[in-house]
Every structure is written in C-alpha cells, then in structure tokens.
Amino acid sequence: MRYFIELSYHGKKYHGWQSQPDANSVQEEINKAVSIVLQEKIVVMGAGRTDTGVHASQMFAHFDTDKELNDNYVFKLNSVLPEDIVIYKINKVADEMHARFDALSRSYEYKIWLGRNPFKLDVTWQFYHKKLDIIAMNEAAKVLLEFENFQAFSKVKTEVRTFNCDVTEAKWIQNGNELTFHISANRFLRNMVRAIVGTLVDVGKHKITKEEFRNIIISRDRSNAGLSVPAKGLFLTKITY
C-alpha cells in the first residue's frame with residue numbers, strides 16, 4: 001500500500017531535502033523516523049528537492065508498506081522526528097500515485113526583510129543597504145509569464161532535459177517591512193527562484209531596467225543574471241496534485 005505524508009520543515013540545519021553521504025538531510029531524518037515506527041526499512045520519495053538551508057511550509061512524500069496506518073501514526077512519527085520537521089497528515093493513496101511525478105504545480109515564496117530584525121534572521125534575507133523600487137520589481141516580474149525557457153536562472157552544471165517551465169504567477173507583496181516574492185510553476189530549475197529574486201532586486205535598485213531583465217531571459221546565459229540570494233529566505237509553500 002502507498003501512503004502520502006504532508007509535512008513542513010525549517011531548513012537551517014539541513015543540507016537540503018535529498019539524502020546524501022556525510023550530510024544531514026530532511027529525507028534521511030524522515031527515512032529513519034518512518035523505519036523506526038514501522039519497524040521495517042523505509043525510503044520515502046519527496047515531491048521535490050530543496051537546497052541546503054531552504055525551508056518548506058508544505059511538502060509531500062510517499063512510501064510503501066503492507067501495514068494499515070491511521071492518524072495515530074502522525075503522533076508516533078512526530079515523537080521521533082527532530083522538532084524542526086513536522087508531519088501533519090498520512091493518507092492512503094492509489095499504488096501508482098507518485099509524490100514527485102504527479103505534482104501539477106509548485107509554489108515558492110522568497111522573503112526579504114527591509115531593515116534589521118533579529119527574530120527574522122533565519123527566515124528572511126535582511127536588506128538594509130538601499131531602498132527598493134517595488135513597483136518596478138513587480139513590472140519586471142510580469143515579464144516572467146511571457147517566457148518558457150529559464151536557462152538564464154538555472155545552475156550552470158545541472159542535468160535536465162529541458163529548461164522550460166510554465167510560470168503561472170510571479171509577484172511581490174509587501175506587508176510592513178516584509179517583502180515577499182510569490183511564484184508558481186509546473187516545475188522549477190535548480191537555484192531558479194533565488195536567481196530570479198536576485199535579478200529582480202537589481203531592478204528594484206535601478207541597476208537594470210525591465211527591458212534589460214527581459215533581455216537576460218532571452219540570452220539564456222546565467223552569467224547575465226543577478227546574484228543567487230541566500231537560501232534562508234526561500235520557502236516551498238504549496239504543491240498541487
């Protein structure tokens with residue numbers, strides 16, 4: 001039988017989602033917890049791979065077992081997981097349902113704190129050097145919806161069949177000192193959101209124009225885009241099936 005788990009995690013202490021040798025990962029912590037509770041070797045498959053230091057307010061993963069599971073197992077799993085990883089639901093699904101390949105869309109948020117706040121250090125990029133033109137950043141963000149190929153915002157050394165993504169939302173929302181970039185797409189490239197944010201911040205600083213932002217996308221050259229902003233401000237927020 002196949003089960004989906006819905007979870008969230010604070011990514012500060014982890015080298016991303018995916019299990020890897022000699023590094024602590026979210027996937028490995030969940031593998032250990034599920035294996036302990038079910039008393040069998042379990043390897044979970046996540047809906048995606050977040051990088052080192054990135055958070056998730058909603059993530060899904062699946063695993064297979066012959067045991068009948070109920071809501072009591074949520075409590076059992078959380079009792080052996082670290083406090084910065086929390087499981088909310090366990091649901092039985094069809095045996096062919098896949099957490100990664102059946103996902104229709106994913107949404108991310110990137111949070112910038114305009115100024116300094118010691119209580120937001122782990123979950124925002126604190127920006128206090130210059131003012132940002134948020135109207136210009138939002139106008140440039142709309143340009144993303146005109147394109148499919150986002151090679152300009154992808155890690156250079158990455159093995160993908162295509163750099164095409166269907167971006168359906170890209171906008172900035174300000175709430176007091178917190179500035180949040182919202183973006184949704186069917187898929188994302190490695191480092192894509194952080195590179196987009198860094199380049200849009202260049203627009204906000206009037207370092208580049210909206211048209212120059214468009215030309216960066218057209219160039220398909222990562223060296224033309226802006227910096228990759230710190231991972232701690234990035235959250236995977238929603239996955240739809």
# chains A, B, ... in the order shown; residues from 1 in each chain; ligands from 1
>>> residues_around(residues="stretch 164-178 of chain A", least_positions_apart="2", cutoff="9 Å", atoms="only C-alpha atoms", output="ChimeraX atom specification")
/A:107,111-115,124,134-135,137-139,141-151,162,180-189
>>> residues_around(residues="A:Ile85", least_positions_apart="5", cutoff="9 Å", atoms="only C-alpha atoms", output="compact mmCIF listing (two decimals) with C-alpha atoms, in the first residue's frame")
# COMPACT_ATOMS: atom_id res chain seq x y z
CA LEU A 7 4.96 17.81 6.27
CA SER A 8 6.91 21.01 6.82
CA TYR A 9 10.43 21.76 7.94
CA HIS A 10 12.84 24.51 8.90
CA GLY A 11 15.83 24.04 6.64
CA VAL A 26 15.40 16.09 5.72
CA GLU A 29 15.58 12.08 9.05
CA ILE A 30 12.16 11.02 7.77
CA ASN A 78 6.50 13.34 15.25
>>> select_by_dssp(residues="stretch 62-192 of chain A", states="helix (DSSP H, G or I)", output="list in words")
Asn72, Tyr73, Val74, Phe75, Lys76, Leu77, Asn78, Ser79, Val80, Pro118, Phe119, Lys120, Ile134, Ile135, Ala136, Met137, Asn138, Glu139, Ala140, Ala141, Lys142, Val143, Leu144, Leu145, Glu146, Gln151, Ala152, Phe153 and Met192 of chain A
>>> write_last_selection(atoms="N, CA and C atoms", output="PDB file, in the first residue's frame")
ATOM      1  N   ASN A  72      -3.055   7.974  14.128  1.00  0.00           N
ATOM      2  CA  ASN A  72      -2.196   7.818  15.305  1.00  0.00           C
ATOM      3  C   ASN A  72      -0.716   7.803  14.940  1.00  0.00           C
ATOM      4  N   TYR A  73      -0.439   7.417  13.699  1.00  0.00           N
ATOM      5  CA  TYR A  73       0.955   7.341  13.274  1.00  0.00           C
ATOM      6  C   TYR A  73       1.560   8.734  13.064  1.00  0.00           C
ATOM      7  N   VAL A  74       0.728   9.735  12.885  1.00  0.00           N
ATOM      8  CA  VAL A  74       1.245  11.107  12.817  1.00  0.00           C
ATOM      9  C   VAL A  74       1.926  11.458  14.132  1.00  0.00           C
ATOM     10  N   PHE A  75       1.253  11.178  15.243  1.00  0.00           N
ATOM     11  CA  PHE A  75       1.832  11.433  16.565  1.00  0.00           C
ATOM     12  C   PHE A  75       3.090  10.597  16.782  1.00  0.00           C
ATOM     13  N   LYS A  76       3.042   9.325  16.410  1.00  0.00           N
ATOM     14  CA  LYS A  76       4.189   8.437  16.595  1.00  0.00           C
ATOM     15  C   LYS A  76       5.409   8.930  15.821  1.00  0.00           C
ATOM     16  N   LEU A  77       5.206   9.356  14.597  1.00  0.00           N
ATOM     17  CA  LEU A  77       6.323   9.841  13.777  1.00  0.00           C
ATOM     18  C   LEU A  77       6.892  11.139  14.333  1.00  0.00           C
ATOM     19  N   ASN A  78       6.020  12.066  14.713  1.00  0.00           N
ATOM     20  CA  ASN A  78       6.498  13.338  15.254  1.00  0.00           C
ATOM     21  C   ASN A  78       7.246  13.158  16.572  1.00  0.00           C
ATOM     22  N   SER A  79       6.935  12.089  17.294  1.00  0.00           N
ATOM     23  CA  SER A  79       7.609  11.858  18.569  1.00  0.00           C
ATOM     24  C   SER A  79       9.063  11.444  18.401  1.00  0.00           C
ATOM     25  N   VAL A  80       9.432  10.942  17.221  1.00  0.00           N
ATOM     26  CA  VAL A  80      10.826  10.539  16.987  1.00  0.00           C
ATOM     27  C   VAL A  80      11.551  11.452  16.001  1.00  0.00           C
ATOM     28  N   PRO A 118      16.263  40.842  14.510  1.00  0.00           N
ATOM     29  CA  PRO A 118      16.984  39.659  14.987  1.00  0.00           C
ATOM     30  C   PRO A 118      16.124  38.402  15.035  1.00  0.00           C
ATOM     31  N   PHE A 119      14.793  38.567  15.113  1.00  0.00           N
ATOM     32  CA  PHE A 119      13.904  37.420  15.193  1.00  0.00           C
ATOM     33  C   PHE A 119      13.575  36.841  13.810  1.00  0.00           C
ATOM     34  N   LYS A 120      14.013  37.525  12.769  1.00  0.00           N
ATOM     35  CA  LYS A 120      13.754  37.067  11.400  1.00  0.00           C
ATOM     36  C   LYS A 120      15.032  36.613  10.695  1.00  0.00           C
ATOM     37  N   ILE A 134       9.670  48.768  -5.502  1.00  0.00           N
ATOM     38  CA  ILE A 134       8.854  47.556  -5.560  1.00  0.00           C
ATOM     39  C   ILE A 134       7.920  47.573  -6.767  1.00  0.00           C
ATOM     40  N   ILE A 135       7.475  48.751  -7.177  1.00  0.00           N
ATOM     41  CA  ILE A 135       6.630  48.853  -8.375  1.00  0.00           C
ATOM     42  C   ILE A 135       7.401  48.365  -9.591  1.00  0.00           C
ATOM     43  N   ALA A 136       8.648  48.786  -9.738  1.00  0.00           N
ATOM     44  CA  ALA A 136       9.481  48.347 -10.860  1.00  0.00           C
ATOM     45  C   ALA A 136       9.735  46.845 -10.794  1.00  0.00           C
ATOM     46  N   MET A 137       9.934  46.313  -9.587  1.00  0.00           N
ATOM     47  CA  MET A 137      10.163  44.873  -9.424  1.00  0.00           C
ATOM     48  C   MET A 137       8.932  44.078  -9.841  1.00  0.00           C
ATOM     49  N   ASN A 138       7.751  44.579  -9.545  1.00  0.00           N
ATOM     50  CA  ASN A 138       6.527  43.884  -9.937  1.00  0.00           C
ATOM     51  C   ASN A 138       6.298  43.956 -11.446  1.00  0.00           C
ATOM     52  N   GLU A 139       6.634  45.084 -12.045  1.00  0.00           N
ATOM     53  CA  GLU A 139       6.501  45.196 -13.500  1.00  0.00           C
ATOM     54  C   GLU A 139       7.444  44.216 -14.192  1.00  0.00           C
ATOM     55  N   ALA A 140       8.663  44.096 -13.684  1.00  0.00           N
ATOM     56  CA  ALA A 140       9.629  43.151 -14.261  1.00  0.00           C
ATOM     57  C   ALA A 140       9.195  41.705 -14.019  1.00  0.00           C
ATOM     58  N   ALA A 141       8.604  41.430 -12.849  1.00  0.00           N
ATOM     59  CA  ALA A 141       8.166  40.073 -12.534  1.00  0.00           C
ATOM     60  C   ALA A 141       7.135  39.573 -13.542  1.00  0.00           C
ATOM     61  N   LYS A 142       6.294  40.477 -14.051  1.00  0.00           N
ATOM     62  CA  LYS A 142       5.287  40.093 -15.048  1.00  0.00           C
ATOM     63  C   LYS A 142       5.917  39.550 -16.317  1.00  0.00           C
ATOM     64  N   VAL A 143       7.145  39.986 -16.600  1.00  0.00           N
ATOM     65  CA  VAL A 143       7.838  39.543 -17.807  1.00  0.00           C
ATOM     66  C   VAL A 143       8.073  38.031 -17.785  1.00  0.00           C
ATOM     67  N   LEU A 144       8.219  37.472 -16.591  1.00  0.00           N
ATOM     68  CA  LEU A 144       8.461  36.030 -16.475  1.00  0.00           C
ATOM     69  C   LEU A 144       7.355  35.214 -17.128  1.00  0.00           C
ATOM     70  N   LEU A 145       6.130  35.722 -17.104  1.00  0.00           N
ATOM     71  CA  LEU A 145       4.998  34.989 -17.656  1.00  0.00           C
ATOM     72  C   LEU A 145       5.008  34.959 -19.182  1.00  0.00           C
ATOM     73  N   GLU A 146       5.891  35.753 -19.800  1.00  0.00           N
ATOM     74  CA  GLU A 146       5.995  35.793 -21.262  1.00  0.00           C
ATOM     75  C   GLU A 146       6.881  34.679 -21.815  1.00  0.00           C
ATOM     76  N   GLN A 151      16.754  29.182 -18.698  1.00  0.00           N
ATOM     77  CA  GLN A 151      18.142  28.758 -18.544  1.00  0.00           C
ATOM     78  C   GLN A 151      18.994  29.846 -17.903  1.00  0.00           C
ATOM     79  N   ALA A 152      18.634  31.106 -18.111  1.00  0.00           N
ATOM     80  CA  ALA A 152      19.403  32.221 -17.547  1.00  0.00           C
ATOM     81  C   ALA A 152      19.390  32.216 -16.020  1.00  0.00           C
ATOM     82  N   PHE A 153      18.433  31.505 -15.420  1.00  0.00           N
ATOM     83  CA  PHE A 153      18.324  31.476 -13.965  1.00  0.00           C
ATOM     84  C   PHE A 153      18.630  30.092 -13.383  1.00  0.00           C
ATOM     85  N   MET A 192      16.678  28.324  -9.423  1.00  0.00           N
ATOM     86  CA  MET A 192      15.934  29.251 -10.282  1.00  0.00           C
ATOM     87  C   MET A 192      15.308  30.409  -9.511  1.00  0.00           C
TER      88      MET A 192
END
>>> select_by_dssp(residues="stretch 36-219 of chain A", states="strand (DSSP E or B)", output="MDAnalysis selection string")
chainID A and resid 45:46 55:64 85:93 105:114 125:127 149 164 167:175 178:185
>>> write_last_selection(atoms="C-alpha atoms", output="CSV table (one decimal), in the first residue's frame")
chain,number,residue,atom,x,y,z
A,45,MET,CA,10.2,9.8,-2.1
A,46,GLY,CA,9.7,13.5,-1.9
A,55,HIS,CA,12.5,25.7,4.2
A,56,ALA,CA,9.2,24.1,3.3
A,57,SER,CA,5.8,25.0,4.8
A,58,GLN,CA,4.2,22.3,2.7
A,59,MET,CA,6.0,19.2,1.3
A,60,PHE,CA,4.7,15.8,0.4
A,61,ALA,CA,6.4,12.5,0.2
A,62,HIS,CA,5.3,8.9,-0.3
A,63,PHE,CA,6.3,5.4,0.9
A,64,ASP,CA,5.1,1.9,0.6
A,85,ILE,CA,10.4,18.6,11.0
A,86,VAL,CA,6.7,18.1,11.5
A,87,ILE,CA,4.3,15.7,9.8
A,88,TYR,CA,0.6,16.8,9.6
A,89,LYS,CA,-1.2,14.0,7.7
A,90,ILE,CA,-0.9,10.5,6.5
A,91,ASN,CA,-3.2,9.4,3.7
A,92,LYS,CA,-3.5,6.1,1.8
A,93,VAL,CA,-3.4,6.7,-2.0
A,105,SER,CA,2.4,22.7,-9.8
A,106,ARG,CA,4.6,24.0,-7.0
A,107,SER,CA,4.7,27.4,-5.3
A,108,TYR,CA,7.6,29.2,-3.6
A,109,GLU,CA,7.9,32.4,-1.6
A,110,TYR,CA,11.0,34.4,-1.0
A,111,LYS,CA,11.0,36.7,2.0
A,112,ILE,CA,13.0,39.9,2.3
A,113,TRP,CA,13.1,41.9,5.5
A,114,LEU,CA,13.5,45.6,4.8
A,125,TRP,CA,17.2,38.0,3.7
A,126,GLN,CA,17.7,41.2,5.6
A,127,PHE,CA,18.1,44.1,3.2
A,149,ASN,CA,12.9,28.9,-21.2
A,164,ASN,CA,11.3,25.1,-20.0
A,167,VAL,CA,5.3,30.1,-14.8
A,168,THR,CA,1.7,31.0,-13.8
A,169,GLU,CA,2.3,33.5,-11.0
A,170,ALA,CA,5.1,35.9,-10.2
A,171,LYS,CA,4.5,38.9,-8.0
A,172,TRP,CA,5.8,40.9,-4.9
A,173,ILE,CA,3.6,41.7,-1.9
A,174,GLN,CA,4.7,44.0,0.8
A,175,ASN,CA,3.4,43.7,4.4
A,178,GLU,CA,8.4,42.1,5.0
A,179,LEU,CA,8.6,41.9,1.2
A,180,THR,CA,7.5,38.5,-0.3
A,181,PHE,CA,8.0,37.2,-3.8
A,182,HIS,CA,5.4,34.7,-4.8
A,183,ILE,CA,6.0,32.4,-7.8
A,184,SER,CA,4.2,29.3,-9.1
A,185,ALA,CA,5.1,27.0,-11.9
>>> closest_residue(among="A:Asp84, A:Gly53, A:Asp133, A:Tyr3", to="A:Thr209", atoms="only C-alpha atoms")
A:Asp133
>>> closest_residue(among="A:Lys67, A:Lys41, A:Glu159, A:Ser154", to="A:Arg222", atoms="only C-alpha atoms")
A:Ser154
>>> closest_residue(among="A:Leu38, A:Ala225, A:Asp95, A:Glu212", to="A:Glu68", atoms="only C-alpha atoms")
A:Leu38
>>> atom_distance(atom1="atom CA of A:Asp51", atom2="atom CA of A:Arg100")
15.8 Å
>>> closest_residue(among="A:Ile239, A:Val43, A:Ile218, A:Met1", to="A:Ala94", atoms="only C-alpha atoms")
A:Met1
>>> closest_residue(among="A:Gly16, A:Pro82, A:Gly204, A:Pro21", to="A:Lys232", atoms="only C-alpha atoms")
A:Gly16
>>> closest_residue(among="A:Leu200, A:Leu104, A:Leu69, A:Val44", to="A:Trp17", atoms="only C-alpha atoms")
A:Val44
>>> atom_distance(atom1="atom CA of A:Arg194", atom2="atom CA of A:Asp22")
25.5 Å
>>> atom_distance(atom1="atom CA of A:Met97", atom2="atom CA of A:Lys238")
17.8 Å
